[in-house]
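Comments concern the structure below.
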Amino acid sequence: MQSNLMLLMAAAIWGMGFVAQRLGMDHMGPYTFNGLRFLLGALSLLPLIFWLRRRSAPTPAGERSELLRGGLWAGLILFTAASLQQVGLLYTTAAKAGFITGFYIILVPLLGLLLRHKTGTNTWVGAAIALAGLYLLSVTESFTMNIGDLLQVAGALFWAIHLLVLDHYSSRVAPIKLAATQFVVCGALSLCVAFMLEIPTVAGAVAGWQALLYAGLISVGVGYTLQVLGQRNAHPAHAAIILSLETVFAAIGGVLLLGEHLDSRGMLGSALMLAGMLISQLKLPRWLSPRRSQAPSSEG
């Protein structure tokens, strides 16, 4: 129960983070906001890193090089995903962005097919339902799609790739150190682009300090820490289901704090997307699963 509550708190923090991301861009550009919030997020993890260092052995030299390699790759992909999401929020609502971004939960096992990972029937069923929901949520009756929604779909693809990259490196290096390294890389790249395309100012950062603190310290620092602690004792499938509720909290935050509105078509699409994400994480009843061979199995 304690682990599930931690994961639920993380989902709520991340969902409400979409509101902070929208509000922050009232005072600064998307790349400036991302640069500052991810660097703040990296700083927020330093106390946890120092605490873990005192409780563990020194990092071997080979692991340090692997950490740098993994941090660079993960940071580059995180920069791409976060940039697509943040720029897309200029043209779409926090509620829609939350649901579309959550689509990465289904894209992860589908992309895993390229790595020869097994994908169950529930993933295909969930993907079909979620795609129907995405159509209702984002595609208009004239078969056009908002540019902001398109950017969120592209971002969901990179969030899925990012999760696979983290899965690859997290077994080789300390996950908290990997997270901090990727945040530094993503923040630095975002600020480089900001100075090329935007005009970052101290006044803008000061004016948007509340959104920056939430998106950087709370969403990144506290949210990530809760996820790490919660997943230590939670069932993986249960953890994925609870974390997918981030989309619901994004919709609640958009409606209550930003005055956003979803029409009946959008609400149905959102419900189907959430149902698809949940189904993709659950085992289907035997009568819905493909019939297995009657040959004797060698597994115990």
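Residues are named by chain letter and number: chains run A, B, ... in the order of the structure tokens, numbers start at 1 in each chain, and ligands are numbered from 1 in the order shown.
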
Long-range neighbours of stretch 146-150 of chain A as a PyMOL selection string, 6 Å cut-off, only C-alpha atoms, 5 positions minimum in chain: chain A and resi 88+91-92

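Neighbouring residues of stretch 121-137 of chain A at 7 Å or closer, counting only C-alpha atoms and skipping chain neighbours under 3 positions away, are Ile106, Arg265, Gly266, Gly269, Ser270, Leu272, Met273, Gly276, Met277, Ile279, Ser280, Leu282, Lys283, Leu284 and Ser289 of chain A.
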
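For A:Gly24, the residues within 6 Å (counting only C-alpha atoms, excluding itself and residues fewer than 4 positions away along the chain) are A:Ala20, A:Gly208, A:Ala211.
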
Show me, as a tab-separated table, the residues of stretch 10-42 of chain A having an atom within 9 Å of stretch 250-257 of chain A, each with the closest atom pair and its distance in Å, using only C-alpha atoms.
```
residue	atom	partner	partner_atom	distance
A:Ala12	CA	A:Ala250	CA	7.9
A:Trp14	CA	A:Ala250	CA	7.8
A:Gly15	CA	A:Ala250	CA	4.0
A:Met16	CA	A:Ala250	CA	5.3
A:Gly17	CA	A:Ala250	CA	7.5
A:Phe18	CA	A:Ala250	CA	6.1
A:Val19	CA	A:Gly254	CA	6.2
```

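Distances to A:Met9 were evaluated for A:Tyr224, A:Phe158, A:Trp209, A:Phe183 using only C-alpha atoms, and the minimum falls at A:Tyr224.
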
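The gap separating atom CA of A:Glu198 from atom CA of A:Gly29 is 6.4 Å, in Å to one decimal.
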
Between atom CA of A:Leu262 and atom CA of A:Val248 - distance in Å to one decimal: 12.7 Å

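Proximity to stretch 70-80 of chain A at 6 Å, evaluated using only C-alpha atoms and with sequence-adjacent residues fewer than 6 positions away removed, yields His162, Leu178, Thr181, Gln182, Val185 and Cys186 of chain A.
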
Generate a file of the selected residues that holds all heavy atoms, formatted as a tab-separated table (two decimals), in the first residue's frame.
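The new file result-v6.tsv reads:
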```tsv
chain	number	residue	atom	x	y	z
A	162	HIS	N	13.00	6.67	-25.15
A	162	HIS	CA	13.74	7.08	-23.96
A	162	HIS	C	13.64	6.03	-22.86
A	162	HIS	O	14.63	5.69	-22.19
A	162	HIS	CB	13.21	8.43	-23.47
A	162	HIS	CG	13.84	8.92	-22.20
A	162	HIS	ND1	13.18	8.95	-21.00
A	162	HIS	CD2	15.09	9.39	-21.95
A	162	HIS	CE1	13.98	9.43	-20.07
A	162	HIS	NE2	15.13	9.70	-20.62
A	178	LEU	N	22.25	8.11	-13.34
A	178	LEU	CA	21.88	8.17	-14.76
A	178	LEU	C	20.84	9.25	-14.98
A	178	LEU	O	20.92	10.02	-15.96
A	178	LEU	CB	21.35	6.81	-15.20
A	178	LEU	CG	20.86	6.71	-16.64
A	178	LEU	CD1	21.98	7.00	-17.63
A	178	LEU	CD2	20.25	5.33	-16.91
A	181	THR	N	22.46	12.72	-14.74
A	181	THR	CA	23.31	12.99	-15.91
A	181	THR	C	22.48	13.36	-17.12
A	181	THR	O	22.78	14.32	-17.84
A	181	THR	CB	24.19	11.77	-16.23
A	181	THR	OG1	24.93	11.40	-15.07
A	181	THR	CG2	25.16	12.08	-17.36
A	182	GLN	N	21.39	12.61	-17.36
A	182	GLN	CA	20.55	12.92	-18.52
A	182	GLN	C	19.86	14.26	-18.36
A	182	GLN	O	19.65	14.99	-19.33
A	182	GLN	CB	19.52	11.81	-18.73
A	182	GLN	CG	18.50	11.71	-17.63
A	182	GLN	CD	17.28	10.90	-18.03
A	182	GLN	OE1	17.10	10.54	-19.18
A	182	GLN	NE2	16.42	10.63	-17.06
A	185	VAL	N	22.39	16.93	-19.36
A	185	VAL	CA	22.55	16.95	-20.82
A	185	VAL	C	21.34	17.62	-21.48
A	185	VAL	O	21.48	18.50	-22.34
A	185	VAL	CB	22.74	15.52	-21.37
A	185	VAL	CG1	22.72	15.52	-22.90
A	185	VAL	CG2	24.05	14.93	-20.86
A	186	CYS	N	20.15	17.23	-21.07
A	186	CYS	CA	18.92	17.79	-21.64
A	186	CYS	C	18.82	19.28	-21.34
A	186	CYS	O	18.48	20.07	-22.23
A	186	CYS	CB	17.71	17.06	-21.08
A	186	CYS	SG	16.12	17.69	-21.66
```

Those of stretch 60-214 of chain A in DSSP helix (DSSP H, G or I), formatted as JSON, numbers by chain: {"A": [61, 62, 63, 64, 65, 66, 67, 68, 69, 70, 71, 72, 73, 74, 75, 76, 77, 78, 79, 80, 81, 82, 83, 84, 85, 86, 87, 88, 94, 95, 96, 97, 98, 99, 100, 101, 104, 105, 106, 107, 108, 109, 110, 111, 112, 113, 114, 115, 121, 122, 123, 124, 125, 126, 127, 128, 129, 130, 131, 132, 133, 134, 135, 136, 137, 138, 147, 148, 149, 150, 151, 152, 153, 154, 155, 156, 157, 158, 159, 160, 161, 162, 163, 164, 165, 166, 167, 168, 169, 170, 175, 176, 177, 178, 179, 180, 181, 182, 183, 184, 185, 186, 187, 188, 189, 190, 191, 192, 193, 194, 195, 196, 197, 202, 203, 204, 205, 206, 207, 209, 210, 211, 212, 213, 214]}

Close residues, A:Gly187 itself excluded, 6 Å, only C-alpha atoms, min 3 positions apart in chain, as a ChimeraX atom specification: /A:35,38-39,183-184,190

Nearest to A:Arg22, chosen from A:Gln231, A:Gln2, A:Ser56, A:Gln210, with only C-alpha atoms counted in the distances: A:Gln210
